[in-house]
$ cat target39.pdb   # PDB, C-alpha atoms, pLDDT in the B column
ATOM      1  CA  MET A  21      88.004 119.435 111.291  1.00 84.00           C
ATOM      2  CA  ASN A  22      91.194 119.605 113.297  1.00 89.00           C
ATOM      3  CA  SER A  23      94.384 117.695 112.585  1.00 92.00           C
ATOM      4  CA  SER A  24      93.462 114.827 114.923  1.00 92.00           C
ATOM      5  CA  ASP A  25      90.091 114.443 113.200  1.00 93.00           C
ATOM      6  CA  PHE A  26      91.829 114.422 109.831  1.00 94.00           C
ATOM      7  CA  LEU A  27      94.284 111.706 110.849  1.00 93.00           C
ATOM      8  CA  ARG A  28      91.409 109.629 112.263  1.00 92.00           C
ATOM      9  CA  PHE A  29      89.527 110.111 108.975  1.00 93.00           C
ATOM     10  CA  LEU A  30      92.529 108.874 106.987  1.00 93.00           C
ATOM     11  CA  ARG A  31      93.101 105.889 109.251  1.00 90.00           C
ATOM     12  CA  ALA A  32      89.439 104.873 108.991  1.00 90.00           C
ATOM     13  CA  ARG A  33      89.707 104.491 105.204  1.00 93.00           C
ATOM     14  CA  SER A  34      90.630 101.106 103.798  1.00 92.00           C
ATOM     15  CA  SER A  35      90.508  99.346 100.470  1.00 94.00           C
ATOM     16  CA  VAL A  36      87.254  97.419 100.154  1.00 95.00           C
ATOM     17  CA  ARG A  37      86.722  94.602  97.684  1.00 95.00           C
ATOM     18  CA  GLU A  38      83.171  93.495  98.532  1.00 95.00           C
ATOM     19  CA  TYR A  39      80.230  95.667  97.440  1.00 95.00           C
ATOM     20  CA  SER A  40      76.474  95.514  97.825  1.00 93.00           C
ATOM     21  CA  GLY A  41      75.952  96.404  94.168  1.00 83.00           C
ATOM     22  CA  GLU A  42      73.562  99.204  95.142  1.00 95.00           C
ATOM     23  CA  PRO A  43      74.020 101.985  92.550  1.00 97.00           C
ATOM     24  CA  LEU A  44      75.622 105.238  93.586  1.00 97.00           C
ATOM     25  CA  GLU A  45      73.484 108.346  93.674  1.00 97.00           C
ATOM     26  CA  GLU A  46      74.327 110.805  90.904  1.00 98.00           C
ATOM     27  CA  GLU A  47      75.053 113.348  93.653  1.00 98.00           C
ATOM     28  CA  ASP A  48      77.781 111.049  95.004  1.00 98.00           C
ATOM     29  CA  ILE A  49      79.388 110.730  91.579  1.00 98.00           C
ATOM     30  CA  ASP A  50      79.199 114.506  91.064  1.00 98.00           C
ATOM     31  CA  TYR A  51      80.720 115.111  94.514  1.00 98.00           C
ATOM     32  CA  ILE A  52      83.599 112.725  93.850  1.00 98.00           C
ATOM     33  CA  LEU A  53      84.324 114.393  90.503  1.00 98.00           C
ATOM     34  CA  ALA A  54      84.055 117.887  92.025  1.00 98.00           C
ATOM     35  CA  CYS A  55      86.619 116.911  94.653  1.00 98.00           C
ATOM     36  CA  ALA A  56      88.953 115.553  91.961  1.00 98.00           C
ATOM     37  CA  SER A  57      88.762 118.884  90.177  1.00 98.00           C
ATOM     38  CA  THR A  58      90.297 120.577  93.231  1.00 98.00           C
ATOM     39  CA  ALA A  59      93.440 118.429  93.141  1.00 98.00           C
ATOM     40  CA  PRO A  60      96.715 120.251  92.615  1.00 97.00           C
ATOM     41  CA  SER A  61      98.382 119.738  89.255  1.00 97.00           C
ATOM     42  CA  ALA A  62     101.633 120.684  87.584  1.00 97.00           C
ATOM     43  CA  GLY A  63     101.268 124.172  86.160  1.00 96.00           C
ATOM     44  CA  ASN A  64      97.514 123.904  86.710  1.00 96.00           C
ATOM     45  CA  ARG A  65      97.352 121.859  83.472  1.00 97.00           C
ATOM     46  CA  GLU A  66      94.984 119.323  85.101  1.00 97.00           C
ATOM     47  CA  ALA A  67      96.475 116.599  82.918  1.00 98.00           C
ATOM     48  CA  TRP A  68      93.970 113.916  83.866  1.00 98.00           C
ATOM     49  CA  ASP A  69      90.671 112.612  82.559  1.00 98.00           C
ATOM     50  CA  VAL A  70      88.242 110.088  83.996  1.00 98.00           C
ATOM     51  CA  VAL A  71      85.768 107.661  82.467  1.00 98.00           C
ATOM     52  CA  VAL A  72      82.867 106.938  84.822  1.00 98.00           C
ATOM     53  CA  VAL A  73      81.660 103.376  84.257  1.00 98.00           C
ATOM     54  CA  THR A  74      78.341 102.151  85.664  1.00 98.00           C
ATOM     55  CA  ASP A  75      77.320  99.772  82.861  1.00 98.00           C
ATOM     56  CA  ASP A  76      77.341  96.106  83.977  1.00 97.00           C
ATOM     57  CA  ASP A  77      78.787  94.779  80.715  1.00 98.00           C
ATOM     58  CA  ILE A  78      81.597  97.317  80.603  1.00 98.00           C
ATOM     59  CA  ARG A  79      82.480  96.656  84.265  1.00 98.00           C
ATOM     60  CA  LEU A  80      82.614  92.941  83.427  1.00 98.00           C
ATOM     61  CA  GLU A  81      85.048  93.672  80.595  1.00 98.00           C
ATOM     62  CA  LEU A  82      87.112  95.892  82.890  1.00 98.00           C
ATOM     63  CA  ALA A  83      87.210  93.114  85.499  1.00 98.00           C
ATOM     64  CA  SER A  84      88.552  90.788  82.825  1.00 98.00           C
ATOM     65  CA  ALA A  85      91.181  93.377  81.870  1.00 98.00           C
ATOM     66  CA  ALA A  86      92.007  93.720  85.581  1.00 98.00           C
ATOM     67  CA  LEU A  87      93.134  90.103  85.818  1.00 98.00           C
ATOM     68  CA  GLU A  88      89.641  88.896  86.847  1.00 97.00           C
ATOM     69  CA  GLN A  89      89.491  91.030  89.989  1.00 97.00           C
ATOM     70  CA  VAL A  90      85.891  90.541  91.097  1.00 96.00           C
ATOM     71  CA  HIS A  91      85.528  93.864  92.923  1.00 97.00           C
ATOM     72  CA  ILE A  92      85.763  95.708  89.596  1.00 98.00           C
ATOM     73  CA  ARG A  93      82.676  93.842  88.417  1.00 97.00           C
ATOM     74  CA  GLU A  94      80.788  94.092  91.724  1.00 97.00           C
ATOM     75  CA  ALA A  95      81.326  97.771  92.529  1.00 98.00           C
ATOM     76  CA  PRO A  96      78.457  99.790  91.065  1.00 98.00           C
ATOM     77  CA  THR A  97      80.802 102.474  89.723  1.00 98.00           C
ATOM     78  CA  VAL A  98      84.356 102.328  88.447  1.00 98.00           C
ATOM     79  CA  PHE A  99      86.228 105.552  87.809  1.00 98.00           C
ATOM     80  CA  VAL A 100      88.957 104.923  85.239  1.00 98.00           C
ATOM     81  CA  VAL A 101      91.488 107.653  85.884  1.00 98.00           C
ATOM     82  CA  CYS A 102      93.781 108.492  82.990  1.00 98.00           C
ATOM     83  CA  ALA A 103      96.877 110.617  82.506  1.00 98.00           C
ATOM     84  CA  ASN A 104      96.418 113.060  79.628  1.00 98.00           C
ATOM     85  CA  TYR A 105      99.882 113.356  78.103  1.00 96.00           C
ATOM     86  CA  VAL A 106      98.967 115.957  75.482  1.00 96.00           C
ATOM     87  CA  ARG A 107      97.608 118.403  78.040  1.00 96.00           C
ATOM     88  CA  SER A 108     100.861 118.283  79.985  1.00 96.00           C
ATOM     89  CA  MET A 109     103.440 117.686  77.261  1.00 96.00           C
ATOM     90  CA  SER A 110     102.165 120.641  75.256  1.00 95.00           C
ATOM     91  CA  HIS A 111     103.605 122.812  77.999  1.00 96.00           C
ATOM     92  CA  TYR A 112     106.402 120.721  79.538  1.00 97.00           C
ATOM     93  CA  GLY A 113     107.671 118.511  76.723  1.00 97.00           C
ATOM     94  CA  GLU A 114     108.895 115.042  77.742  1.00 97.00           C
ATOM     95  CA  ARG A 115     108.788 115.944  81.445  1.00 97.00           C
ATOM     96  CA  GLY A 116     105.032 116.361  80.967  1.00 97.00           C
ATOM     97  CA  ILE A 117     104.682 112.558  80.882  1.00 97.00           C
ATOM     98  CA  LEU A 118     105.688 112.387  84.540  1.00 98.00           C
ATOM     99  CA  TYR A 119     103.537 115.387  85.434  1.00 98.00           C
ATOM    100  CA  ALA A 120     100.464 113.845  83.771  1.00 98.00           C
ATOM    101  CA  LEU A 121     100.966 110.632  85.757  1.00 98.00           C
ATOM    102  CA  GLU A 122     101.330 112.636  88.956  1.00 98.00           C
ATOM    103  CA  ASP A 123      98.243 114.733  88.167  1.00 98.00           C
ATOM    104  CA  ALA A 124      96.167 111.601  87.534  1.00 98.00           C
ATOM    105  CA  THR A 125      97.267 109.882  90.735  1.00 98.00           C
ATOM    106  CA  ILE A 126      96.625 112.980  92.844  1.00 98.00           C
ATOM    107  CA  ALA A 127      93.148 113.357  91.312  1.00 98.00           C
ATOM    108  CA  CYS A 128      92.465 109.669  91.993  1.00 98.00           C
ATOM    109  CA  THR A 129      93.586 110.072  95.603  1.00 98.00           C
ATOM    110  CA  TYR A 130      91.179 112.969  96.034  1.00 98.00           C
ATOM    111  CA  MET A 131      88.399 110.838  94.508  1.00 98.00           C
ATOM    112  CA  MET A 132      89.140 107.993  96.903  1.00 98.00           C
ATOM    113  CA  LEU A 133      89.040 110.334  99.900  1.00 98.00           C
ATOM    114  CA  ALA A 134      85.879 112.021  98.599  1.00 98.00           C
ATOM    115  CA  ALA A 135      84.166 108.625  98.438  1.00 98.00           C
ATOM    116  CA  HIS A 136      85.251 107.973 102.023  1.00 97.00           C
ATOM    117  CA  ALA A 137      83.874 111.366 103.096  1.00 97.00           C
ATOM    118  CA  ARG A 138      80.501 110.361 101.587  1.00 97.00           C
ATOM    119  CA  GLY A 139      80.444 107.135 103.607  1.00 96.00           C
ATOM    120  CA  LEU A 140      81.292 105.062 100.539  1.00 97.00           C
ATOM    121  CA  HIS A 141      84.055 102.518 100.069  1.00 97.00           C
ATOM    122  CA  SER A 142      86.658 102.201  97.372  1.00 98.00           C
ATOM    123  CA  CYS A 143      89.531 100.160  96.065  1.00 97.00           C
ATOM    124  CA  TRP A 144      92.314 101.621  93.963  1.00 98.00           C
ATOM    125  CA  THR A 145      93.327  99.018  91.406  1.00 98.00           C
ATOM    126  CA  GLY A 146      96.534  99.338  89.437  1.00 98.00           C
ATOM    127  CA  ALA A 147      96.855  95.739  88.226  1.00 98.00           C
ATOM    128  CA  PHE A 148      95.268  95.635  84.787  1.00 98.00           C
ATOM    129  CA  GLU A 149      96.118  95.112  81.145  1.00 98.00           C
ATOM    130  CA  GLU A 150      96.444  98.658  79.922  1.00 98.00           C
ATOM    131  CA  ASP A 151      95.764  97.885  76.252  1.00 98.00           C
ATOM    132  CA  GLU A 152      92.609  95.949  77.147  1.00 98.00           C
ATOM    133  CA  VAL A 153      91.280  98.824  79.245  1.00 98.00           C
ATOM    134  CA  ARG A 154      92.142 101.194  76.412  1.00 98.00           C
ATOM    135  CA  GLU A 155      90.219  99.027  73.936  1.00 98.00           C
ATOM    136  CA  VAL A 156      87.176  98.461  76.178  1.00 98.00           C
ATOM    137  CA  LEU A 157      86.766 102.211  76.727  1.00 98.00           C
ATOM    138  CA  GLY A 158      87.881 103.417  73.301  1.00 98.00           C
ATOM    139  CA  LEU A 159      90.555 105.629  74.839  1.00 98.00           C
ATOM    140  CA  PRO A 160      92.548 107.857  72.500  1.00 97.00           C
ATOM    141  CA  GLN A 161      96.295 107.224  72.337  1.00 94.00           C
ATOM    142  CA  HIS A 162      97.224 110.357  74.310  1.00 94.00           C
ATOM    143  CA  LEU A 163      95.436 108.993  77.403  1.00 97.00           C
ATOM    144  CA  ARG A 164      97.015 106.387  79.651  1.00 98.00           C
ATOM    145  CA  PRO A 165      94.786 104.558  82.129  1.00 98.00           C
ATOM    146  CA  VAL A 166      96.518 104.805  85.500  1.00 98.00           C
ATOM    147  CA  ALA A 167      93.974 103.456  87.981  1.00 98.00           C
ATOM    148  CA  LEU A 168      90.613 101.765  88.190  1.00 98.00           C
ATOM    149  CA  LEU A 169      88.870 103.154  91.262  1.00 98.00           C
ATOM    150  CA  ALA A 170      85.997 100.895  92.320  1.00 98.00           C
ATOM    151  CA  VAL A 171      83.453 102.782  94.455  1.00 98.00           C
ATOM    152  CA  GLY A 172      80.280 101.710  96.219  1.00 98.00           C
ATOM    153  CA  LYS A 173      78.684 100.704  99.472  1.00 96.00           C
ATOM    154  CA  GLY A 174      80.892  97.920 100.682  1.00 93.00           C
ATOM    155  CA  THR A 175      81.895  95.684 103.500  1.00 87.00           C
ATOM    156  CA  PRO A 176      84.960  97.178 105.186  1.00 76.00           C
ATOM    157  CA  LEU A 177      87.546  95.117 106.999  1.00 73.00           C
ATOM    158  CA  LEU A 178      86.784  94.538 110.668  1.00 69.00           C
ATOM    159  CA  GLU A 179      90.367  95.240 111.676  1.00 74.00           C
ATOM    160  CA  PRO A 180      92.528  97.905 110.050  1.00 73.00           C
ATOM    161  CA  MET A 181      95.488  96.639 108.062  1.00 77.00           C
ATOM    162  CA  GLU A 182      98.786  96.819 109.889  1.00 85.00           C
ATOM    163  CA  ARG A 183     101.008  99.563 108.528  1.00 85.00           C
ATOM    164  CA  MET A 184     104.772  99.858 108.458  1.00 91.00           C
ATOM    165  CA  PRO A 185     106.276 102.151 111.063  1.00 92.00           C
ATOM    166  CA  ILE A 186     106.763 105.658 109.669  1.00 90.00           C
ATOM    167  CA  LYS A 187     110.493 105.482 110.399  1.00 90.00           C
ATOM    168  CA  GLU A 188     110.771 102.760 107.709  1.00 93.00           C
ATOM    169  CA  HIS A 189     109.822 105.361 105.068  1.00 93.00           C
ATOM    170  CA  VAL A 190     111.491 108.538 106.273  1.00 95.00           C
ATOM    171  CA  HIS A 191     115.060 109.731 105.767  1.00 92.00           C
ATOM    172  CA  ARG A 192     116.117 113.166 106.927  1.00 93.00           C
ATOM    173  CA  GLU A 193     118.451 115.396 104.959  1.00 95.00           C
ATOM    174  CA  ILE A 194     120.165 112.461 103.181  1.00 92.00           C
ATOM    175  CA  TRP A 195     119.479 108.734 102.752  1.00 92.00           C
TER     176      TRP A 195
END
$ encode --input "target39.pdb" --output "structure tokens"
Amino acid sequence: MNSSDFLRFLRARSSVREYSGEPLEEEDIDYILACASTAPSAGNREAWDVVVVTDDDIRLELASAALEQVHIREAPTVFVVCANYVRSMSHYGERGILYALEDATIACTYMMLAAHARGLHSCWTGAFEEDEVREVLGLPQHLRPVALLAVGKGTPLLEPMERMPIKEHVHREIW
């Protein structure tokens, strides 16, 4: 893949909120997780964990915790990506909190792109009641749910979303 192919690949990805409900193959789940495991992390601490949710009842509870966002219920698999504070803080102290959050978001990004590479669709969801997600999944206190990544065979948008011009984001040397 050359750089033009890569940019085309990235531009072809979009957040999808409508899914067929067809279950993912175990090979797809394994591929997505294998890709996440290649993500860079602070000090190679890999301060992230993921709960793979395929159970209908649990996805329904997660949808409720995610402010009734239907795509969480309809996607056949939801990857709940968590920052593992202990894994990072044991090495970096308080700064490890930030590093764990960064590690989790990078891993989730890799998962989202891995799904796209498999011809699947995804939607990164950050709007949810953290304590509800924690309770539904029985998460230990040292894990913080950062994202719910819905993945499945979906209905992509017909037209790509308009993006801000790059110059709106970039500042050179100083602000």
$ residues_around --input "target39.pdb" --residues "Leu121 (chain A)" --least-positions-apart "3" --cutoff "10 Å" --atoms "only C-alpha atoms" --output "PyMOL selection string"
chain A and resi 67-68+101-105+108+116-118+124-127+164-166
$ axis_aligned_box --input "target39.pdb" --around "region 21-29 of chain A" --padding-each-side "6 Å" --output "lines of an AutoDock Vina configuration file"
center_x = 91.2
center_y = 114.6
center_z = 111.9
size_x = 18.4
size_y = 22.0
size_z = 17.9
$ atom_distance --input "target39.pdb" --atom1 "CA of Leu30 (chain A)" --atom2 "CA of Val73 (chain A)"
25.8 Å
$ resolve_selection --input "target39.pdb" --expression "the PyMOL selection byres ((chain A and resi 131) around 12)" --output "MDAnalysis selection string"
chainID A and resid 48:59 70 72 98:101 124:130 132:138 140:144 167:171
$ residues_around --input "target39.pdb" --residues "Asp151 (chain A)" --least-positions-apart "6" --cutoff "12 Å" --atoms "all atoms listed in the file" --output "count of residues only"
12
$ closest_residue --input "target39.pdb" --among "A:Ile194, A:Ala83, A:Leu44, A:Met181" --to "Pro96 (chain A)" --atoms "all atoms listed in the file"
A:Leu44
$ closest_residue --input "target39.pdb" --among "A:Val153, A:Glu122, A:Glu45, A:Val106" --to "Leu80 (chain A)" --atoms "all atoms listed in the file"
A:Val153
$ atom_distance --input "target39.pdb" --atom1 "CA of Phe26 (chain A)" --atom2 "CA of Gly139 (chain A)"
14.9 Å
$ resolve_selection --input "target39.pdb" --expression "the PyMOL selection byres ((chain A and resi 93) around 6)" --output "VMD selection string"
chain A and resid 79 to 80 83 90 to 92 94 to 95
$ residues_around --input "target39.pdb" --residues "Gly174 (chain A)" --least-positions-apart "4" --cutoff "7 Å" --atoms "all atoms listed in the file" --output "list in words"
Val36, Glu38, Tyr39, Ser40 and His141 of chain A
$ atom_distance --input "target39.pdb" --atom1 "CA of Asp75 (chain A)" --atom2 "CA of Glu42 (chain A)"
12.9 Å
$ closest_residue --input "target39.pdb" --among "A:Ile186, A:Ala120, A:Ala147, A:Ile78" --to "Arg65 (chain A)" --atoms "all atoms listed in the file"
A:Ala120
$ closest_residue --input "target39.pdb" --among "A:Arg31, A:Met21, A:Tyr119, A:Thr97" --to "Glu182 (chain A)" --atoms "only C-alpha atoms"
A:Arg31
$ build_atoms --input "target39.pdb" --residues "region 76-101 of chain A" --atoms "N, CA, C and O atoms" --output "PDB file, keeping the file's coordinate frame"
ATOM      1  N   ASP A  76      76.951  97.456  83.524  1.00 97.00           N
ATOM      2  CA  ASP A  76      77.341  96.106  83.977  1.00 97.00           C
ATOM      3  C   ASP A  76      78.280  95.413  83.000  1.00 97.00           C
ATOM      4  O   ASP A  76      79.278  94.804  83.406  1.00 97.00           O
ATOM      5  N   ASP A  77      77.973  95.472  81.718  1.00 98.00           N
ATOM      6  CA  ASP A  77      78.787  94.779  80.715  1.00 98.00           C
ATOM      7  C   ASP A  77      80.187  95.375  80.618  1.00 98.00           C
ATOM      8  O   ASP A  77      81.177  94.641  80.500  1.00 98.00           O
ATOM      9  N   ILE A  78      80.278  96.684  80.679  1.00 98.00           N
ATOM     10  CA  ILE A  78      81.597  97.317  80.603  1.00 98.00           C
ATOM     11  C   ILE A  78      82.409  97.008  81.855  1.00 98.00           C
ATOM     12  O   ILE A  78      83.607  96.724  81.772  1.00 98.00           O
ATOM     13  N   ARG A  79      81.764  97.015  83.024  1.00 98.00           N
ATOM     14  CA  ARG A  79      82.480  96.656  84.265  1.00 98.00           C
ATOM     15  C   ARG A  79      82.970  95.211  84.201  1.00 98.00           C
ATOM     16  O   ARG A  79      84.064  94.903  84.682  1.00 98.00           O
ATOM     17  N   LEU A  80      82.200  94.333  83.599  1.00 98.00           N
ATOM     18  CA  LEU A  80      82.614  92.941  83.427  1.00 98.00           C
ATOM     19  C   LEU A  80      83.864  92.861  82.547  1.00 98.00           C
ATOM     20  O   LEU A  80      84.818  92.136  82.856  1.00 98.00           O
ATOM     21  N   GLU A  81      83.873  93.636  81.474  1.00 98.00           N
ATOM     22  CA  GLU A  81      85.048  93.672  80.595  1.00 98.00           C
ATOM     23  C   GLU A  81      86.258  94.271  81.314  1.00 98.00           C
ATOM     24  O   GLU A  81      87.384  93.803  81.132  1.00 98.00           O
ATOM     25  N   LEU A  82      86.005  95.310  82.120  1.00 98.00           N
ATOM     26  CA  LEU A  82      87.112  95.892  82.890  1.00 98.00           C
ATOM     27  C   LEU A  82      87.653  94.906  83.915  1.00 98.00           C
ATOM     28  O   LEU A  82      88.861  94.835  84.130  1.00 98.00           O
ATOM     29  N   ALA A  83      86.765  94.130  84.535  1.00 98.00           N
ATOM     30  CA  ALA A  83      87.210  93.114  85.499  1.00 98.00           C
ATOM     31  C   ALA A  83      88.103  92.088  84.807  1.00 98.00           C
ATOM     32  O   ALA A  83      89.113  91.649  85.362  1.00 98.00           O
ATOM     33  N   SER A  84      87.724  91.718  83.601  1.00 98.00           N
ATOM     34  CA  SER A  84      88.552  90.788  82.825  1.00 98.00           C
ATOM     35  C   SER A  84      89.916  91.406  82.532  1.00 98.00           C
ATOM     36  O   SER A  84      90.952  90.756  82.693  1.00 98.00           O
ATOM     37  N   ALA A  85      89.925  92.674  82.142  1.00 98.00           N
ATOM     38  CA  ALA A  85      91.181  93.377  81.870  1.00 98.00           C
ATOM     39  C   ALA A  85      92.004  93.556  83.140  1.00 98.00           C
ATOM     40  O   ALA A  85      93.229  93.676  83.079  1.00 98.00           O
ATOM     41  N   ALA A  86      91.339  93.552  84.284  1.00 98.00           N
ATOM     42  CA  ALA A  86      92.007  93.720  85.581  1.00 98.00           C
ATOM     43  C   ALA A  86      92.317  92.362  86.207  1.00 98.00           C
ATOM     44  O   ALA A  86      92.199  92.182  87.423  1.00 98.00           O
ATOM     45  N   LEU A  87      92.679  91.414  85.360  1.00 98.00           N
ATOM     46  CA  LEU A  87      93.134  90.103  85.818  1.00 98.00           C
ATOM     47  C   LEU A  87      92.069  89.393  86.646  1.00 98.00           C
ATOM     48  O   LEU A  87      92.362  88.750  87.651  1.00 98.00           O
ATOM     49  N   GLU A  88      90.806  89.553  86.224  1.00 97.00           N
ATOM     50  CA  GLU A  88      89.641  88.896  86.847  1.00 97.00           C
ATOM     51  C   GLU A  88      89.396  89.319  88.291  1.00 97.00           C
ATOM     52  O   GLU A  88      88.867  88.550  89.082  1.00 97.00           O
ATOM     53  N   GLN A  89      89.751  90.545  88.634  1.00 97.00           N
ATOM     54  CA  GLN A  89      89.491  91.030  89.989  1.00 97.00           C
ATOM     55  C   GLN A  89      87.994  91.323  90.129  1.00 97.00           C
ATOM     56  O   GLN A  89      87.459  92.217  89.494  1.00 97.00           O
ATOM     57  N   VAL A  90      87.348  90.546  90.966  1.00 96.00           N
ATOM     58  CA  VAL A  90      85.891  90.541  91.097  1.00 96.00           C
ATOM     59  C   VAL A  90      85.341  91.886  91.548  1.00 96.00           C
ATOM     60  O   VAL A  90      84.261  92.293  91.127  1.00 96.00           O
ATOM     61  N   HIS A  91      86.064  92.597  92.401  1.00 97.00           N
ATOM     62  CA  HIS A  91      85.528  93.864  92.923  1.00 97.00           C
ATOM     63  C   HIS A  91      85.283  94.888  91.819  1.00 97.00           C
ATOM     64  O   HIS A  91      84.420  95.746  91.960  1.00 97.00           O
ATOM     65  N   ILE A  92      85.991  94.791  90.713  1.00 98.00           N
ATOM     66  CA  ILE A  92      85.763  95.708  89.596  1.00 98.00           C
ATOM     67  C   ILE A  92      84.390  95.449  88.984  1.00 98.00           C
ATOM     68  O   ILE A  92      83.688  96.365  88.587  1.00 98.00           O
ATOM     69  N   ARG A  93      83.997  94.206  88.938  1.00 97.00           N
ATOM     70  CA  ARG A  93      82.676  93.842  88.417  1.00 97.00           C
ATOM     71  C   ARG A  93      81.573  94.167  89.418  1.00 97.00           C
ATOM     72  O   ARG A  93      80.494  94.618  89.049  1.00 97.00           O
ATOM     73  N   GLU A  94      81.828  93.954  90.698  1.00 97.00           N
ATOM     74  CA  GLU A  94      80.788  94.092  91.724  1.00 97.00           C
ATOM     75  C   GLU A  94      80.537  95.522  92.188  1.00 97.00           C
ATOM     76  O   GLU A  94      79.428  95.844  92.604  1.00 97.00           O
ATOM     77  N   ALA A  95      81.541  96.376  92.129  1.00 98.00           N
ATOM     78  CA  ALA A  95      81.326  97.771  92.529  1.00 98.00           C
ATOM     79  C   ALA A  95      80.378  98.419  91.526  1.00 98.00           C
ATOM     80  O   ALA A  95      80.504  98.199  90.327  1.00 98.00           O
ATOM     81  N   PRO A  96      79.430  99.204  91.993  1.00 98.00           N
ATOM     82  CA  PRO A  96      78.457  99.790  91.065  1.00 98.00           C
ATOM     83  C   PRO A  96      79.046 100.853  90.145  1.00 98.00           C
ATOM     84  O   PRO A  96      78.497 101.128  89.080  1.00 98.00           O
ATOM     85  N   THR A  97      80.162 101.444  90.546  1.00 98.00           N
ATOM     86  CA  THR A  97      80.802 102.474  89.723  1.00 98.00           C
ATOM     87  C   THR A  97      82.306 102.266  89.743  1.00 98.00           C
ATOM     88  O   THR A  97      82.895 102.023  90.799  1.00 98.00           O
ATOM     89  N   VAL A  98      82.901 102.371  88.567  1.00 98.00           N
ATOM     90  CA  VAL A  98      84.356 102.328  88.447  1.00 98.00           C
ATOM     91  C   VAL A  98      84.783 103.607  87.740  1.00 98.00           C
ATOM     92  O   VAL A  98      84.297 103.915  86.646  1.00 98.00           O
ATOM     93  N   PHE A  99      85.653 104.352  88.399  1.00 98.00           N
ATOM     94  CA  PHE A  99      86.228 105.552  87.809  1.00 98.00           C
ATOM     95  C   PHE A  99      87.574 105.137  87.207  1.00 98.00           C
ATOM     96  O   PHE A  99      88.466 104.708  87.936  1.00 98.00           O
ATOM     97  N   VAL A 100      87.700 105.250  85.900  1.00 98.00           N
ATOM     98  CA  VAL A 100      88.957 104.923  85.239  1.00 98.00           C
ATOM     99  C   VAL A 100      89.704 106.237  85.057  1.00 98.00           C
ATOM    100  O   VAL A 100      89.328 107.078  84.239  1.00 98.00           O
ATOM    101  N   VAL A 101      90.742 106.400  85.856  1.00 98.00           N
ATOM    102  CA  VAL A 101      91.488 107.653  85.884  1.00 98.00           C
ATOM    103  C   VAL A 101      92.670 107.532  84.928  1.00 98.00           C
ATOM    104  O   VAL A 101      93.444 106.574  84.990  1.00 98.00           O
TER     105      VAL A 101
END
